[in-house]
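Participant: Structure file entry-v9.cif (mmCIF, C-alpha atoms) is given on the next line.
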data_query
#
loop_
_atom_site.label_atom_id
_atom_site.label_comp_id
_atom_site.auth_asym_id
_atom_site.auth_seq_id
_atom_site.Cartn_x
_atom_site.Cartn_y
_atom_site.Cartn_z
CA MET Y 244 -7.92 -7.89 16.92
CA ALA Y 245 -5.65 -7.27 13.94
CA VAL Y 246 -2.48 -9.34 13.85
CA GLU Y 247 0.80 -7.46 14.22
CA THR Y 248 2.86 -6.55 11.18
CA LEU Y 249 5.11 -9.34 9.90
CA PHE Y 250 8.52 -8.97 8.28
CA HIS Y 251 10.72 -10.74 5.74
CA ILE Y 252 14.29 -9.94 4.69
CA ALA Y 253 14.71 -10.26 0.92
CA ARG Y 254 17.32 -9.75 -1.72
CA LEU Y 255 16.39 -6.66 -3.72
CA ARG Y 256 16.62 -8.59 -6.99
CA ASP Y 257 14.18 -11.22 -5.71
CA TRP Y 258 11.70 -8.56 -4.65
CA GLU Y 259 11.99 -6.80 -8.02
CA ALA Y 260 11.29 -10.12 -9.77
CA ALA Y 261 8.24 -10.66 -7.54
CA GLN Y 262 6.84 -7.27 -8.50
CA ARG Y 263 6.88 -8.27 -12.16
CA VAL Y 264 4.72 -11.36 -11.54
CA GLY Y 265 2.67 -10.16 -8.58
CA ALA Y 266 3.89 -12.64 -5.95
CA TYR Y 267 7.05 -13.42 -3.96
CA ARG Y 268 8.04 -17.10 -3.73
CA ILE Y 269 11.43 -17.11 -1.97
CA SER Y 270 11.41 -18.88 1.40
CA THR Y 271 14.79 -17.83 2.75
CA LEU Y 272 18.36 -17.51 1.49
CA ASP Y 273 18.81 -19.71 -1.61
CA ARG Y 274 15.61 -21.65 -0.84
CA THR Y 275 12.32 -21.28 -2.71
CA LEU Y 276 8.78 -21.75 -1.43
CA GLU Y 277 8.60 -25.01 -3.37
CA GLN Y 278 11.78 -26.33 -1.73
CA GLU Y 279 10.95 -25.28 1.84
CA GLY Y 280 7.16 -25.58 1.85
CA PHE Y 281 6.64 -22.15 3.40
CA ILE Y 282 8.09 -18.63 3.49
CA HIS Y 283 10.03 -17.63 6.61
CA LEU Y 284 8.59 -14.51 8.26
CA SER Y 285 9.41 -12.77 11.51
CA PHE Y 286 7.87 -10.62 14.21
CA ALA Y 287 9.41 -7.18 14.70
CA ARG Y 288 11.20 -8.20 17.91
CA ARG Y 289 13.08 -11.00 16.13
CA VAL Y 290 14.10 -9.31 12.87
CA ARG Y 291 17.47 -8.08 14.05
CA GLY Y 292 18.43 -11.48 15.48
CA VAL Y 293 17.54 -13.16 12.18
CA ALA Y 294 19.57 -10.56 10.30
CA ASP Y 295 22.65 -11.04 12.49
CA ARG Y 296 22.42 -14.84 12.34
CA PHE Y 297 21.73 -15.41 8.65
CA TYR Y 298 22.45 -12.22 6.69
CA SER Y 299 25.61 -10.79 8.25
CA GLU Y 300 27.82 -12.12 5.44
CA ILE Y 301 25.46 -11.37 2.55
CA ASP Y 302 26.83 -8.76 0.16
CA ASP Y 303 23.69 -8.47 -1.99
CA GLU Y 304 21.49 -5.42 -1.62
CA LEU Y 305 18.72 -6.26 0.86
CA VAL Y 306 15.25 -4.92 1.56
CA LEU Y 307 12.96 -5.43 4.53
CA LEU Y 308 9.36 -6.22 3.60
CA SER Y 309 6.67 -5.06 6.06
CA ILE Y 310 3.67 -7.35 5.55
CA ASP Y 311 -0.01 -6.83 6.32
CA PRO Y 312 -1.33 -10.19 7.59
CA ALA Y 313 -4.91 -9.26 6.64
CA LYS Y 314 -3.95 -9.27 2.96
CA LEU Y 315 -2.28 -12.67 2.91
CA THR Y 316 -4.07 -15.36 0.90
CA ALA Y 317 -2.34 -18.36 2.50
CA PRO Y 318 -2.30 -19.42 6.17
CA VAL Y 319 0.36 -18.23 8.60
CA VAL Y 320 1.39 -20.74 11.27
CA THR Y 321 3.48 -19.65 14.28
CA GLU Y 322 5.77 -22.54 15.17
CA PRO Y 323 9.35 -23.21 16.31
CA ALA Y 324 11.94 -22.75 13.60
CA ALA Y 325 14.31 -25.62 12.88
CA GLY Y 326 17.02 -25.88 15.53
CA THR Y 327 15.36 -23.52 17.98
CA ASP Y 328 12.45 -23.33 20.40
CA GLU Y 329 11.67 -19.77 19.36
CA PRO Y 330 8.30 -19.38 17.59
CA PHE Y 331 8.34 -17.81 14.15
CA PRO Y 332 5.50 -17.14 11.68
CA HIS Y 333 5.63 -19.29 8.54
CA LEU Y 334 3.57 -18.44 5.46
CA TYR Y 335 2.32 -21.62 3.80
CA GLY Y 336 1.90 -20.16 0.32
CA GLU Y 337 3.13 -17.32 -1.84
CA LEU Y 338 3.39 -13.74 -0.62
CA PRO Y 339 1.21 -11.43 -2.74
CA VAL Y 340 2.95 -8.20 -3.66
CA ALA Y 341 -0.25 -6.38 -2.62
CA ALA Y 342 0.19 -7.65 0.97
CA VAL Y 343 3.49 -5.77 1.40
CA ARG Y 344 2.79 -2.49 3.20
CA ARG Y 345 6.27 -1.05 2.99
CA VAL Y 346 9.66 -1.84 1.45
CA THR Y 347 12.70 -0.46 3.29
CA ALA Y 348 16.31 -0.57 2.14
CA TYR Y 349 18.05 -2.76 4.75
CA ARG Y 350 21.64 -1.63 5.21
CA ARG Y 351 24.37 -2.07 7.79
CA GLY Y 352 25.11 0.67 10.27
CA ASP Y 353 28.48 1.91 11.47
CA GLY Y 354 28.96 -1.20 13.60
CA GLY Y 355 28.39 -3.49 10.64
CA HIS Y 356 25.04 -4.74 11.93
CA LEU Y 357 21.73 -4.63 10.11
CA GLY Y 358 19.31 -2.39 11.97
CA ALA Y 359 16.03 -2.92 13.75
CA PRO Y 360 12.89 -2.88 11.61
CA PRO Y 361 11.03 0.41 11.19
CA LEU Y 362 8.09 0.98 13.50
CA ASP Y 363 4.96 0.17 11.49
CA ASN Y 364 1.77 1.38 13.17
CA ARG Y 365 -1.26 -0.63 12.02
CA THR Y 366 -3.52 2.31 12.77
CA MET Y 367 -1.79 4.29 10.03
CA PRO Y 368 -1.82 3.20 6.38
CA ALA Y 369 1.31 2.72 4.31
CA ALA Y 370 0.36 5.67 2.10
CA VAL Y 371 2.69 8.65 2.42
CA VAL Y 372 0.18 11.33 1.39
CA ILE Y 373 -3.25 11.07 3.09
CA PRO Y 374 -5.98 13.58 2.14
CA GLN Y 375 -8.34 14.66 4.93
CA LEU Y 376 -11.84 15.60 3.74
CA THR Y 377 -14.69 16.95 5.85
CA TYR Y 378 -18.32 15.83 5.67
CA ASP Y 379 -21.26 16.91 7.79
CA ASP Y 380 -22.32 13.26 8.15
CA VAL Y 381 -19.27 10.98 8.38
CA THR Y 382 -21.32 7.78 8.63
CA ALA Y 383 -23.18 8.62 5.42
CA ALA Y 384 -19.91 9.56 3.71
CA ILE Y 385 -18.31 6.21 4.61
CA GLY Y 386 -21.22 4.29 3.12
CA TRP Y 387 -21.42 6.44 -0.01
CA LEU Y 388 -17.69 6.45 -0.82
CA CYS Y 389 -17.35 2.70 -0.29
CA ASP Y 390 -20.40 1.99 -2.43
CA ALA Y 391 -19.81 4.48 -5.25
CA PHE Y 392 -16.01 4.45 -5.53
CA GLY Y 393 -15.07 1.02 -4.17
CA PHE Y 394 -13.19 2.25 -1.10
CA ALA Y 395 -12.96 0.03 2.02
CA GLU Y 396 -13.20 1.09 5.65
CA ARG Y 397 -9.98 0.60 7.65
CA TRP Y 398 -11.35 1.92 10.96
CA ARG Y 399 -13.70 4.50 12.35
CA ALA Y 400 -13.86 6.52 15.57
CA GLY Y 401 -17.48 6.94 16.57
CA ASP Y 402 -19.38 9.06 14.09
CA HIS Y 403 -16.72 11.73 13.62
CA ARG Y 404 -13.68 10.21 11.87
CA ALA Y 405 -12.63 7.23 9.74
CA GLN Y 406 -9.90 5.97 7.43
CA LEU Y 407 -10.90 4.53 4.06
CA GLU Y 408 -8.50 2.40 2.03
CA VAL Y 409 -8.28 3.20 -1.65
CA PRO Y 410 -7.58 0.12 -3.81
CA GLY Y 411 -4.01 0.16 -5.05
CA GLY Y 412 -2.40 1.44 -1.87
CA GLY Y 413 -3.94 4.83 -1.08
CA CYS Y 414 -5.96 6.10 1.86
CA VAL Y 415 -8.28 8.98 2.66
CA VAL Y 416 -9.47 10.29 6.02
CA VAL Y 417 -13.10 11.39 6.30
CA THR Y 418 -13.95 13.62 9.24
CA GLU Y 419 -16.52 16.17 10.37
CA PRO Y 420 -15.68 19.88 10.62
CA ARG Y 421 -16.68 20.55 14.22
CA THR Y 422 -13.99 18.64 16.13
CA SER Y 423 -11.40 18.20 13.38
CA HIS Y 424 -8.42 20.38 12.53
CA ALA Y 425 -8.91 19.56 8.84
CA LEU Y 426 -9.84 22.56 6.72
CA HIS Y 427 -13.52 22.74 5.87
CA GLY Y 428 -14.59 23.28 2.26
CA GLN Y 429 -14.64 21.53 -1.09
CA TRP Y 430 -11.46 19.85 -2.32
CA SER Y 431 -10.22 17.87 -5.32
CA VAL Y 432 -8.46 14.51 -5.03
CA MET Y 433 -6.89 12.42 -7.82
CA ILE Y 434 -6.99 8.62 -7.61
CA ARG Y 435 -5.34 6.10 -9.95
CA VAL Y 436 -7.51 3.18 -11.08
CA PRO Y 437 -6.76 0.24 -13.40
CA ASP Y 438 -9.88 0.70 -15.60
CA VAL Y 439 -11.31 4.20 -15.63
CA ASP Y 440 -14.28 3.33 -17.86
CA ALA Y 441 -15.44 0.47 -15.62
CA HIS Y 442 -14.96 2.70 -12.57
CA HIS Y 443 -17.00 5.44 -14.24
CA GLU Y 444 -19.83 3.04 -15.08
CA HIS Y 445 -19.94 1.82 -11.48
CA ALA Y 446 -20.01 5.37 -10.10
CA VAL Y 447 -22.83 6.35 -12.46
CA ALA Y 448 -24.85 3.29 -11.44
CA ARG Y 449 -24.44 4.31 -7.78
CA GLY Y 450 -25.72 7.83 -8.40
CA ALA Y 451 -22.49 9.84 -8.43
CA THR Y 452 -22.66 13.23 -10.13
CA ILE Y 453 -20.34 13.14 -13.13
CA LEU Y 454 -18.64 16.44 -13.84
CA ALA Y 455 -16.49 15.22 -16.74
CA SER Y 456 -16.87 11.93 -18.62
CA PRO Y 457 -13.84 9.70 -19.40
CA LYS Y 458 -11.49 11.40 -21.83
CA ASP Y 459 -7.97 10.79 -23.16
CA PHE Y 460 -5.40 13.48 -22.41
CA PRO Y 461 -2.11 14.18 -24.25
CA TYR Y 462 -0.02 13.44 -21.15
CA GLY Y 463 -0.88 9.73 -21.34
CA GLU Y 464 -3.86 9.55 -18.98
CA ARG Y 465 -7.58 8.80 -19.41
CA GLN Y 466 -9.63 10.53 -16.73
CA TYR Y 467 -13.09 11.37 -15.47
CA THR Y 468 -14.31 13.57 -12.62
CA ALA Y 469 -17.16 12.98 -10.17
CA GLU Y 470 -18.64 14.93 -7.28
CA ASP Y 471 -19.51 13.19 -4.01
CA LEU Y 472 -22.24 13.83 -1.45
CA GLY Y 473 -20.03 16.37 0.35
CA GLY Y 474 -19.27 18.40 -2.76
CA HIS Y 475 -15.68 17.15 -3.09
CA HIS Y 476 -14.40 16.45 -6.58
CA TRP Y 477 -12.72 13.13 -7.40
CA ASN Y 478 -10.57 12.85 -10.51
CA PHE Y 479 -10.02 9.19 -11.44
CA THR Y 480 -7.16 8.48 -13.81
CA GLN Y 481 -5.83 5.51 -15.80
CA SER Y 482 -2.45 5.44 -17.54
CA ILE Y 483 -2.81 4.70 -21.26
CA ALA Y 484 0.72 5.57 -22.47
CA ASP Y 485 4.23 5.87 -21.05
CA LEU Y 486 5.33 9.42 -21.87
CA ALA Y 487 8.08 11.70 -20.66
CA PRO Y 488 6.93 15.24 -19.76
CA GLU Y 489 8.90 16.49 -22.77
CA ASP Y 490 6.62 14.40 -25.05
CA TRP Y 491 3.63 16.64 -24.26
CA GLY Y 492 5.34 19.97 -23.57
CA GLY Y 493 6.37 19.58 -19.93
CA THR Y 494 9.80 19.58 -18.30
CA SER Y 495 11.27 16.74 -16.23
CA GLY Y 496 12.36 17.68 -12.70
CA PRO Y 497 15.06 16.20 -10.43
CA ALA Y 498 12.77 13.54 -8.94
CA LEU Y 499 11.88 12.16 -12.36
CA LEU Y 500 15.44 12.38 -13.65
CA GLY Y 501 16.78 10.45 -10.65
CA SER Y 502 19.03 13.26 -9.43
CA ARG Y 503 16.98 14.29 -6.41
#
Could you rewrite the structure in this file as structure tokens?
Facilitator:
Amino acid sequence: MAVETLFHIARLRDWEAAQRVGAYRISTLDRTLEQEGFIHLSFARRVRGVADRFYSEIDDELVLLSIDPAKLTAPVVTEPAAGTDEPFPHLYGELPVAAVRRVTAYRRGDGGHLGAPPLDNRTMPAAVVIPQLTYDDVTAAIGWLCDAFGFAERWRAGDHRAQLEVPGGGCVVVTEPRTSHALHGQWSVMIRVPDVDAHHEHAVARGATILASPKDFPYGERQYTAEDLGGHHWNFTQSIADLAPEDWGGTSGPALLGSR
């Protein structure tokens, strides 16, 4: 059975630094992984007590990291914390940025206390937008998509529904049209990848139908399009330049300008 989601309270600046190097190495307040030997984590039921005990006087901006234990590369040992008989999970190694499912701003409420952690359901992915695509044969679709596009199965329900993880943090639901509320038909989905040419070569080798070969576009992306066994179109894209919409004839909206 999958292990429950783990949590860690971090200073925002420490988390931002970790994102630049790909791993978080702070154990607890003013103590590094090297100094402590492990990173202090917590179960959901203990987060608020830790916050009240150790972070009530901290003025720095804080974030709460929700961690997927399955993506940790170092062992987690549940053991009593110093000065208490309460068991806490300790990560004996660095925390990969890729293992963090969700980052939540952790602020004080009206009573001055830091709040409880957000409910994080392991059945649902961290992705905010989740396409649902229908296939006549879900089992065949799972195998084909994982083989051709490098997706990974999160779970399946019999032969009628499954979640597939998309490398980089995305997710797609595959389902059949008879019992699902998902609209039936052919759809297009865009996926970001780190190397579009290597991805294209892999898809070709696995028999994917290529509708458009890799090409550079003026808005800073290199893309190709493939069709899967269900007739859905997949547009894979790699960023090759950092451009504002105005650089290629577009217009920046409130979300991009930071005034949303």
Participant: How far is it from CA of Phe281 in chain Y to CA of Ala395 in chain Y, in Å with one decimal?
Facilitator: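 One can read the CA of Phe281 in chain Y to CA of Ala395 in chain Y distance as 29.6 Å.
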Participant: Please determine, counting only C-alpha atoms, which residue among Y:Gly463, Y:Leu362, Y:Ala369, Y:Ala294 has the shortest atom-to-atom distance to Leu486 in chain Y.
Facilitator: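 Once distances to Leu486 in chain Y are computed over only C-alpha atoms, the minimum belongs to Y:Gly463.
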Participant: For the PyMOL selection byres ((chain Y and resi 337-348) around 6), applied here, can you spell out every residue it catches as a count of residues only?
Facilitator: 15
Participant: Compile the contact shell of Asp257 in chain Y as a PyMOL selection string: residues with an atom at most 12 Å away, counting all atoms listed in the file, same-chain residues fewer than 2 positions apart removed.
Facilitator: chain Y and resi 251-255+259-275+303-308+340
Participant: Care to translate the PyMOL selection byres ((chain Y and resi 435) around 12) into actual residues of this file, as a VMD selection string?
Facilitator: chain Y and resid 392 409 to 414 432 to 434 436 to 439 442 464 to 468 477 to 483
Participant: Given only C-alpha atoms as the basis, pick out the residue of Y:Ala455, Y:Leu334, Y:Val246, Y:Leu357 nearest to Ser299 in chain Y.
Facilitator: Y:Leu357
Participant: Please indicate the distance in Å from CA of Pro361 in chain Y to CA of Ile373 in chain Y, rounded to one decimal place.
Facilitator: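 Between CA of Pro361 in chain Y and CA of Ile373 in chain Y the gap works out to 19.6 Å.
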Participant: What gap, in Å, lies between CA of Thr422 in chain Y and CA of Gly393 in chain Y?
Facilitator: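 Result for CA of Thr422 in chain Y versus CA of Gly393 in chain Y: 26.9 Å, one decimal.
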Participant: Determine, counting only C-alpha atoms, which protein, DNA and RNA residues have an atom within 9 Å of an atom of range 287-289 of chain Y; residues of the same chain fewer than 5 positions away are not included. Present the result as JSON, numbers by chain.
Facilitator: {"Y": [247, 248, 249, 250, 294, 331, 359, 360, 361, 362]}
Participant: Might you spell out which residues the PyMOL selection byres ((chain Y and resi 491) around 10) would select in the displayed file, as a PyMOL selection string?
Facilitator: chain Y and resi 460-463+486-490+492-494
Participant: As a list of chain:residue names, please: the residues near Val417 in chain Y (cut-off 6 Å, only C-alpha atoms, same-chain neighbours under 2 positions excluded).
Facilitator: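 So, after excluding close chain neighbours, the residues are Y:Gln375, Y:Leu376, Y:Thr377, Y:Arg404, Y:Ala405.
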Participant: Which one of Y:Leu499, Y:Leu454, Y:Leu472, Y:Leu284 sits closest to Ala383 in chain Y if you count all atoms listed in the file?
Facilitator: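 The closest residue to Ala383 in chain Y is Y:Leu472.
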Participant: Skip Asp471 in chain Y itself and residues of its chain fewer than 5 positions away, then list as a CSV table (one decimal) with C-alpha atoms, in the coordinates of the input all residues within 10 Å of it, counting all atoms listed in the file.
Facilitator:
chain,number,residue,atom,x,y,z
Y,384,ALA,CA,-19.9,9.6,3.7
Y,387,TRP,CA,-21.4,6.4,0.0
Y,388,LEU,CA,-17.7,6.4,-0.8
Y,391,ALA,CA,-19.8,4.5,-5.2
Y,392,PHE,CA,-16.0,4.4,-5.5
Y,446,ALA,CA,-20.0,5.4,-10.1
Y,450,GLY,CA,-25.7,7.8,-8.4
Y,451,ALA,CA,-22.5,9.8,-8.4
Y,452,THR,CA,-22.7,13.2,-10.1
Y,453,ILE,CA,-20.3,13.1,-13.1
Y,476,HIS,CA,-14.4,16.4,-6.6
Y,477,TRP,CA,-12.7,13.1,-7.4
Participant: With distances taken over all atoms listed in the file, which residue among Y:Glu470, Y:Asp302, Y:Glu396, Y:Asp379 lies nearest Thr418 in chain Y?
Facilitator: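 Among the listed residues, Y:Asp379 lies closest to Thr418 in chain Y.
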Participant: Of the residues Y:Pro374, Y:Arg256, Y:Tyr335, Y:Ser423, which is the one nearest to Glu322 in chain Y, using only C-alpha atoms?
Facilitator: Y:Tyr335
Participant: Return as lines of an AutoDock Vina configuration file the box centre and box size in Å, one decimal, for an axis-aligned box around all listed atoms of range 431-449 of chain Y padded by 4 Å per side.
Facilitator:
center_x = -15.1
center_y = 9.1
center_z = -11.4
size_x = 27.5
size_y = 25.6
size_z = 20.8
Participant: Here is a test: counting only C-alpha atoms, which residue of Y:Ile282, Y:Leu500, Y:Val293, Y:Ile301 is nearest to Thr321 in chain Y?
Facilitator: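 Smallest separation from Thr321 in chain Y among the options: Y:Ile282.
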